[in-house]
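S.K.: Pasting a structure here, questions to come.
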Amino acid sequence: MPLFKLIDNPSSCLTLFEHLITLKSVAFDLQTSSLDPLKARVLGISFSCKNKEAYYVPIPSGDKEGSKTLSIFKPLFENIRIEKVCQNIKYDLHVLANYGIRLNGPFFDTMIAHYLLQADMGHGLSVLAETYLNYSPIKLEALVGKGKSQINLLDLPPEKIKDYACEFAEITWRLKERFAPLLKKEGLYSLFKNVEMPLVCVLAKMEREGINLDCEGLTIFSKELTSSITKFEEDIYSLAGFEFNIASPKQLGNVLFNHLKLDDKAKKTKTGQFSTSEEVLSKLKKKHLIVEKILDFRSLLKLRSTYVNSLPGLVNPTTKRIHSSFNQAVAATGRLSSKNPNLQNIPIRTEKGREVRKAFVPKNDQYLILAADYSQVELRLIADLSGDPVMVDTFKKGLDIHTITASKIFNIPINEVSREMRSNAKTVNFGIIYGVSAFGLSQQSSLSRKESGEIIKNYFETYPKLKTYMDSNVAFARKFGYVKTVMNRKRILKDINSRNRVVRGHAERNAVNAPIQGSAADIIKVAMIDIDKKLEKLGLKSRLLLQVHDELVFDAKKDELELLKNLVKNSMEGAYSSSVPLVVDLGVGLNWLEAH
DNA sequence: GAAGTCACG
DNA sequence: ACGTACGTGACTTCA
């Protein structure tokens, strides 16, 4: 039987603290009043630093006393010599920050450790315990119930929480013991120690900082959208001859293909329904006036529901800012993701969409928005990694890669490259990163399938080492079952030797794409850590707010602007030494759109 | 809760 | 003859 002990009086708290402070590493877990890290209060802390042993310290309710118990452990949390072992440490970082406690590293986050070991599996504590410790932990549900009758941990006495909380910390401890040697064995320890763990703090700061939103602007825009939407709705009903729910793909498909018979061999989705996707509808524009109206209607509806109407509701009433959360352990390639709200997919491609981006504004009139983005970072990386002399040369000379590509694949002088040619070349360049096929390229561009095939052939003749590089990635994956990035991040490709060619094809494209997308992710993470360190060291007021894969967004204090621009550019461009220069473009403005 | 669609890099 | 570009998250409909 494990030793799980309830520590519920001041003197035993002190004894526990005096023990823990002598250790090199401590696992802990917080029980809290809310899943929202910015408002959660601590109800209890469990500690473990030994197999089969853990302690649960309940925090009495009422802020004053809560702070008192927490303050006993504050020197432990802030000690920079004691490793803190947690499952999803960013959450604990936030909750302790709510009490003015700064949780200091070194950190060992078991969730992120496992993300590096097996990116495309789940990283929840119970899955990990089952997989690595052959043990099924008590479910939170067993304590608080589920659905409507779910209660808050607040309403449970400490004795009922003790076993659950102790177990959580003890499992976290044991997972660390498993994962630390595995990370070393797999060559992932440096990425873990020097990139992912320091990044946790940076992300926590970004989330806590939030970003300012111009809600009034959005309210006005929402009214505009609504009147356009109503107009389109009326037009669509009259063109169809009756009313229906345009937002229902099922009803829409019925109207377009059964009533109006716009296409005899209309594409179906995998469930047998008519597809009404933008891709399908775009090709039917010429057949009937209704089609374009539907496309416009849908794009406006999307803007209104996903952004214009919902973002203001996500402004935190206390801070008056939007606090997204950045997930460090979901994207299989090593990228971050953003949710609640997702600030990595704010519109920019259409005129109406850009109105949304305008609503992201500086903290106050002493600040501006600074946006810094890597120019074609993935193509530069593929040039670097393949060592293709033609592509490397193009970037070294600072030439426009898409124009040069067009000139070479269409075999015409640079100054005769048309807009359409450049655009097609750009599509091919992107296609390369994704693992092109003639079909895929023809879908994305104005080219036929045959033309696409020829262009891909030309492309690889132009950049011969790119083909070699892509093939070698696939061959590597076949042999070892994974591919890796410049910082040794791995992506396991279990289907790379599958007998099913669709499944295998997907894995093969991943073998090409993951090292590129993942390396770009590694590099911007290094830059973020470096920038954060410098902002801190110089005591600047400017703040990193968002990361959008190849872009960083800042609240830039006006009197720090020049300094900040230099600092950011240098950190980003210097985050990786490549045989081709990494180039960062900077933009400044009164909102996020202007900063581009 | 799955499916379809669409916003971004 | 097959199915077909990489990675995410959020909203609406509908069973």
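Starting from 1 in every chain, residues are counted up; chains themselves are A, B, ... following the order of the structure tokens, and ligands are numbered from 1 as listed.
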So which residues touch DG1 in chain B within 12 Å, counting only C-alpha atoms (C1' of nucleotides), skipping near sequence neighbours fewer than 6 positions away, as a PyMOL selection string?
M.R.: chain C and resi 13-15
S.K.: Quick one: which residues from chain B are at most 6 Å off chain A, using only C-alpha atoms (C1' of nucleotides), as a list in words?
M.R.: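 Residues passing the distance filter: DA7, DC8 and DG9 of chain B.
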S.K.: Those same residues, written as an mmCIF file, in the first residue's frame with N, CA and C atoms (P, O5', C5', C4', C3', O3' and C1' of nucleotides)?
M.R.:
data_model
loop_
_atom_site.group_PDB
_atom_site.id
_atom_site.type_symbol
_atom_site.label_atom_id
_atom_site.label_comp_id
_atom_site.auth_asym_id
_atom_site.auth_seq_id
_atom_site.Cartn_x
_atom_site.Cartn_y
_atom_site.Cartn_z
ATOM 1 P P DA B 7 -13.268 31.315 -45.170
ATOM 2 O "O5'" DA B 7 -12.049 31.802 -44.266
ATOM 3 C "C5'" DA B 7 -12.253 32.739 -43.222
ATOM 4 C "C4'" DA B 7 -11.265 32.482 -42.095
ATOM 5 C "C3'" DA B 7 -9.813 32.322 -42.532
ATOM 6 O "O3'" DA B 7 -9.195 33.572 -42.773
ATOM 7 C "C1'" DA B 7 -10.363 30.685 -40.932
ATOM 8 P P DC B 8 -8.025 33.723 -43.815
ATOM 9 O "O5'" DC B 8 -6.778 33.173 -42.987
ATOM 10 C "C5'" DC B 8 -6.349 33.872 -41.825
ATOM 11 C "C4'" DC B 8 -5.376 33.018 -41.038
ATOM 12 C "C3'" DC B 8 -4.111 32.640 -41.786
ATOM 13 O "O3'" DC B 8 -3.181 33.698 -41.701
ATOM 14 C "C1'" DC B 8 -4.962 30.768 -40.596
ATOM 15 P P DG B 9 -1.892 33.713 -42.682
ATOM 16 O "O5'" DG B 9 -0.947 32.581 -42.089
ATOM 17 C "C5'" DG B 9 -0.228 32.800 -40.889
ATOM 18 C "C4'" DG B 9 0.617 31.583 -40.568
ATOM 19 C "C3'" DG B 9 1.755 31.377 -41.546
ATOM 20 O "O3'" DG B 9 2.968 31.125 -40.856
ATOM 21 C "C1'" DG B 9 0.415 29.416 -41.430
#
S.K.: What lies within 12 Å of range 407-416 of chain A using only C-alpha atoms (C1' of nucleotides), ignoring chain neighbours under 3 positions off, as a PyMOL selection string?
M.R.: chain A and resi 390-391+394+399-404+419-426+428-429+451-463
S.K.: Using only C-alpha atoms, please write the residues we just selected to a file, as a short mmCIF file (atom, residue, chain, number, x, y, z; two decimals), in the first residue's frame.
M.R.:
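Below is the file selection-v4.cif, written as the result:
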data_model
loop_
_atom_site.label_atom_id
_atom_site.label_comp_id
_atom_site.auth_asym_id
_atom_site.auth_seq_id
_atom_site.Cartn_x
_atom_site.Cartn_y
_atom_site.Cartn_z
CA VAL A 390 20.36 26.79 -57.26
CA MET A 391 17.88 27.44 -54.49
CA THR A 394 18.67 32.43 -55.04
CA LEU A 399 16.14 37.30 -55.09
CA ASP A 400 12.41 36.61 -55.21
CA ILE A 401 12.17 32.83 -55.02
CA HIS A 402 8.80 32.52 -56.74
CA THR A 403 9.84 34.67 -59.71
CA ILE A 404 13.12 32.79 -60.10
CA ARG A 419 1.73 37.34 -62.54
CA GLU A 420 0.05 34.07 -63.30
CA MET A 421 3.36 32.30 -63.81
CA ARG A 422 4.70 33.60 -60.54
CA SER A 423 1.52 32.59 -58.81
CA ASN A 424 1.74 29.07 -60.21
CA ALA A 425 5.40 28.85 -59.27
CA LYS A 426 4.48 29.93 -55.76
CA VAL A 428 4.52 24.65 -56.70
CA ASN A 429 6.99 25.91 -54.12
CA GLU A 451 0.66 20.59 -67.10
CA SER A 452 1.12 20.05 -63.40
CA GLY A 453 2.95 16.82 -64.01
CA GLU A 454 5.30 18.49 -66.47
CA ILE A 455 5.92 21.41 -64.18
CA ILE A 456 6.82 19.16 -61.29
CA LYS A 457 9.26 17.36 -63.58
CA ASN A 458 10.79 20.71 -64.59
CA TYR A 459 10.89 21.77 -60.98
CA PHE A 460 13.01 18.84 -59.92
CA GLU A 461 15.30 19.34 -62.90
CA THR A 462 15.74 22.94 -61.81
CA TYR A 463 16.36 22.06 -58.19
#
S.K.: Among range 129-371 of chain A, which ones does DSSP assign to strand (DSSP E) (computed from the backbone)? Answer as a PyMOL selection string.
M.R.: chain A and resi 212-213+325-327+337-339+360-361+367-371
S.K.: Kindly determine which residues of chain A lie within 8 Å of chain C, considering only C-alpha atoms (C1' of nucleotides), and give the answer as an MDAnalysis selection string.
M.R.: chainID A and resid 247:249 302 305:306 331:333 335 337:339 342 431 433:437 439:441 502 509:510 513:514 517
S.K.: Filtering to N, CA and C atoms, could you give me those residues as a PDB file, in the first residue's frame?
M.R.:
ATOM      1  N   ALA A 247     -27.211  27.618 -44.315  1.00  0.00           N
ATOM      2  CA  ALA A 247     -26.077  27.155 -43.510  1.00  0.00           C
ATOM      3  C   ALA A 247     -26.084  25.640 -43.326  1.00  0.00           C
ATOM      4  N   SER A 248     -27.127  24.989 -43.804  1.00  0.00           N
ATOM      5  CA  SER A 248     -27.167  23.541 -43.699  1.00  0.00           C
ATOM      6  C   SER A 248     -26.636  22.916 -44.978  1.00  0.00           C
ATOM      7  N   PRO A 249     -25.478  22.282 -44.929  1.00  0.00           N
ATOM      8  CA  PRO A 249     -24.889  21.681 -46.125  1.00  0.00           C
ATOM      9  C   PRO A 249     -25.848  20.700 -46.780  1.00  0.00           C
ATOM     10  N   LYS A 302     -19.432  33.212 -41.640  1.00  0.00           N
ATOM     11  CA  LYS A 302     -18.255  32.687 -40.946  1.00  0.00           C
ATOM     12  C   LYS A 302     -17.561  33.793 -40.142  1.00  0.00           C
ATOM     13  N   SER A 305     -19.863  34.843 -37.156  1.00  0.00           N
ATOM     14  CA  SER A 305     -20.033  33.914 -36.030  1.00  0.00           C
ATOM     15  C   SER A 305     -18.708  33.556 -35.360  1.00  0.00           C
ATOM     16  N   THR A 306     -17.663  33.344 -36.154  1.00  0.00           N
ATOM     17  CA  THR A 306     -16.413  32.882 -35.554  1.00  0.00           C
ATOM     18  C   THR A 306     -15.606  34.015 -34.931  1.00  0.00           C
ATOM     19  N   ALA A 331       0.276  19.730 -31.670  1.00  0.00           N
ATOM     20  CA  ALA A 331       0.618  19.619 -33.088  1.00  0.00           C
ATOM     21  C   ALA A 331       1.749  18.604 -33.271  1.00  0.00           C
ATOM     22  N   ALA A 332       1.503  17.604 -34.106  1.00  0.00           N
ATOM     23  CA  ALA A 332       2.442  16.494 -34.267  1.00  0.00           C
ATOM     24  C   ALA A 332       3.799  16.934 -34.807  1.00  0.00           C
ATOM     25  N   THR A 333       3.840  18.098 -35.461  1.00  0.00           N
ATOM     26  CA  THR A 333       5.098  18.539 -36.065  1.00  0.00           C
ATOM     27  C   THR A 333       5.980  19.344 -35.120  1.00  0.00           C
ATOM     28  N   ARG A 335       4.736  22.364 -33.897  1.00  0.00           N
ATOM     29  CA  ARG A 335       4.159  23.700 -33.841  1.00  0.00           C
ATOM     30  C   ARG A 335       3.357  23.891 -32.570  1.00  0.00           C
ATOM     31  N   SER A 337      -0.272  25.430 -30.906  1.00  0.00           N
ATOM     32  CA  SER A 337      -1.612  25.752 -31.378  1.00  0.00           C
ATOM     33  C   SER A 337      -2.223  26.711 -30.371  1.00  0.00           C
ATOM     34  N   SER A 338      -3.272  27.382 -30.797  1.00  0.00           N
ATOM     35  CA  SER A 338      -3.889  28.420 -29.974  1.00  0.00           C
ATOM     36  C   SER A 338      -5.377  28.155 -29.889  1.00  0.00           C
ATOM     37  N   LYS A 339      -5.935  28.302 -28.695  1.00  0.00           N
ATOM     38  CA  LYS A 339      -7.385  28.113 -28.565  1.00  0.00           C
ATOM     39  C   LYS A 339      -8.014  29.031 -27.523  1.00  0.00           C
ATOM     40  N   ASN A 342      -8.816  30.888 -30.768  1.00  0.00           N
ATOM     41  CA  ASN A 342      -7.672  30.627 -31.631  1.00  0.00           C
ATOM     42  C   ASN A 342      -7.251  31.956 -32.260  1.00  0.00           C
ATOM     43  N   GLY A 431       3.724  23.511 -52.663  1.00  0.00           N
ATOM     44  CA  GLY A 431       3.422  22.099 -52.860  1.00  0.00           C
ATOM     45  C   GLY A 431       4.594  21.216 -52.491  1.00  0.00           C
ATOM     46  N   ILE A 433       6.768  21.607 -50.264  1.00  0.00           N
ATOM     47  CA  ILE A 433       6.847  21.458 -48.811  1.00  0.00           C
ATOM     48  C   ILE A 433       5.846  20.411 -48.304  1.00  0.00           C
ATOM     49  N   TYR A 434       4.735  20.282 -49.017  1.00  0.00           N
ATOM     50  CA  TYR A 434       3.695  19.342 -48.581  1.00  0.00           C
ATOM     51  C   TYR A 434       3.836  17.969 -49.207  1.00  0.00           C
ATOM     52  N   GLY A 435       4.756  17.807 -50.160  1.00  0.00           N
ATOM     53  CA  GLY A 435       4.876  16.534 -50.862  1.00  0.00           C
ATOM     54  C   GLY A 435       3.967  16.496 -52.065  1.00  0.00           C
ATOM     55  N   VAL A 436       4.342  17.246 -53.096  1.00  0.00           N
ATOM     56  CA  VAL A 436       3.480  17.447 -54.273  1.00  0.00           C
ATOM     57  C   VAL A 436       3.043  16.188 -55.003  1.00  0.00           C
ATOM     58  N   SER A 437       1.879  16.287 -55.618  1.00  0.00           N
ATOM     59  CA  SER A 437       1.483  15.338 -56.645  1.00  0.00           C
ATOM     60  C   SER A 437       0.890  16.178 -57.771  1.00  0.00           C
ATOM     61  N   PHE A 439      -1.852  15.795 -59.230  1.00  0.00           N
ATOM     62  CA  PHE A 439      -3.261  16.037 -58.933  1.00  0.00           C
ATOM     63  C   PHE A 439      -3.427  17.204 -57.949  1.00  0.00           C
ATOM     64  N   GLY A 440      -2.683  17.119 -56.864  1.00  0.00           N
ATOM     65  CA  GLY A 440      -2.775  18.150 -55.829  1.00  0.00           C
ATOM     66  C   GLY A 440      -2.474  19.520 -56.393  1.00  0.00           C
ATOM     67  N   LEU A 441      -1.428  19.590 -57.199  1.00  0.00           N
ATOM     68  CA  LEU A 441      -1.040  20.870 -57.782  1.00  0.00           C
ATOM     69  C   LEU A 441      -2.133  21.406 -58.709  1.00  0.00           C
ATOM     70  N   VAL A 502      -2.559   4.314 -49.811  1.00  0.00           N
ATOM     71  CA  VAL A 502      -3.085   5.618 -49.409  1.00  0.00           C
ATOM     72  C   VAL A 502      -2.488   6.025 -48.067  1.00  0.00           C
ATOM     73  N   ARG A 509       4.400  11.707 -47.346  1.00  0.00           N
ATOM     74  CA  ARG A 509       4.334  13.178 -47.416  1.00  0.00           C
ATOM     75  C   ARG A 509       4.704  13.790 -46.072  1.00  0.00           C
ATOM     76  N   ASN A 510       4.316  13.111 -45.000  1.00  0.00           N
ATOM     77  CA  ASN A 510       4.716  13.563 -43.669  1.00  0.00           C
ATOM     78  C   ASN A 510       6.236  13.517 -43.502  1.00  0.00           C
ATOM     79  N   ASN A 513       7.338  16.658 -45.151  1.00  0.00           N
ATOM     80  CA  ASN A 513       6.850  17.885 -44.536  1.00  0.00           C
ATOM     81  C   ASN A 513       7.299  18.094 -43.082  1.00  0.00           C
ATOM     82  N   ALA A 514       7.266  17.030 -42.287  1.00  0.00           N
ATOM     83  CA  ALA A 514       7.515  17.194 -40.845  1.00  0.00           C
ATOM     84  C   ALA A 514       8.882  17.810 -40.523  1.00  0.00           C
ATOM     85  N   GLN A 517       8.377  21.733 -41.538  1.00  0.00           N
ATOM     86  CA  GLN A 517       7.453  22.446 -40.659  1.00  0.00           C
ATOM     87  C   GLN A 517       7.973  22.412 -39.221  1.00  0.00           C
TER      88      GLN A 517
END
S.K.: Do you know which residues are at most 12 Å from Pro10 in chain A counting only C-alpha atoms (C1' of nucleotides), after dropping those on the same chain fewer than 6 positions away, and could you put them as a list of chain:residue names?
M.R.: A:Leu16, A:Phe17, A:Val57, A:Pro58, A:Ile59, A:Pro60, A:Glu65, A:Gly66, A:Lys68, A:Thr69, A:Leu70, A:Ser71, A:Ile72, A:Phe73
